[in-house]
Amino acid sequence: MGDNAGGGFNLLLALVWMMFYGCALHAAGFFMPRGMKWFGWAYIIFACAILGFSAVGPADIAINAHWLMGFFFGVLHLAYGAYLYLTEKKNPVA
């Protein structure tokens with residue numbers, strides 16, 4: 001087996017995970033700040049777009065599922081946290 005054994009399944013699993021996570025964020029957005037629903041939609045849209053691109057795109061382009069998960073569940077969360085920190089109203093009452 002090579003380094004990319006099960007790569008297609010790993011990518012599919014990561015994309016399905018992202019879609020379900022986006023649905024959960026969107027559902028939780030009813031009880032949280034409005035931006036959380038948009039964050040959930042971003043996950044759903046990006047996962048569907050990557051899934052569609054990998055289905056009809058060139059076969060020689062390999063998307064690494066580990067980097068994809070690292071970007072969406074690491075970098076994107078940090079960016080969204082910074083956005084919330086800068087845009088949410090501060091409550092001075094403890």
# chains A, B, ... in the order shown; residues from 1 in each chain; ligands from 1
call {"tool": "residues_around", "arguments": {"residues": "Ala27 in chain A", "least_positions_apart": "5", "cutoff": "12 Å", "atoms": "only C-alpha atoms", "output": "list of chain:residue names"}}
result
A:Phe20, A:Tyr21, A:Gly22, A:Met32, A:Pro33, A:Arg34, A:Met36, A:Lys37, A:Trp38, A:Phe39, A:Gly40, A:Trp41
call {"tool": "write_last_selection", "arguments": {"atoms": "C-alpha atoms", "output": "PDB file, in the first residue's frame"}}
result
ATOM      1  CA  PHE A  20     -22.739  17.559   9.294  1.00  0.00           C
ATOM      2  CA  TYR A  21     -20.709  19.978  11.411  1.00  0.00           C
ATOM      3  CA  GLY A  22     -22.033  22.857   9.305  1.00  0.00           C
ATOM      4  CA  MET A  32     -26.226  32.013  19.409  1.00  0.00           C
ATOM      5  CA  PRO A  33     -25.046  35.155  17.628  1.00  0.00           C
ATOM      6  CA  ARG A  34     -26.216  35.537  14.040  1.00  0.00           C
ATOM      7  CA  MET A  36     -22.800  31.351  13.809  1.00  0.00           C
ATOM      8  CA  LYS A  37     -25.465  30.457  11.234  1.00  0.00           C
ATOM      9  CA  TRP A  38     -23.303  31.998   8.509  1.00  0.00           C
ATOM     10  CA  PHE A  39     -20.316  30.034   9.790  1.00  0.00           C
ATOM     11  CA  GLY A  40     -22.385  26.843   9.486  1.00  0.00           C
ATOM     12  CA  TRP A  41     -23.440  27.767   5.948  1.00  0.00           C
TER      13      TRP A  41
END
call {"tool": "atom_distance", "arguments": {"atom1": "CA of Cys48 in chain A", "atom2": "CA of Leu15 in chain A"}}
result
7.7 Å
call {"tool": "residues_around", "arguments": {"residues": "Ile50 in chain A", "least_positions_apart": "2", "cutoff": "10 Å", "atoms": "only C-alpha atoms", "output": "PyMOL selection string"}}
result
chain A and resi 11-12+15+45-48+52-55+57+63+68
call {"tool": "atom_distance", "arguments": {"atom1": "CA of Gly81 in chain A", "atom2": "CA of Ala65 in chain A"}}
result
23.0 Å
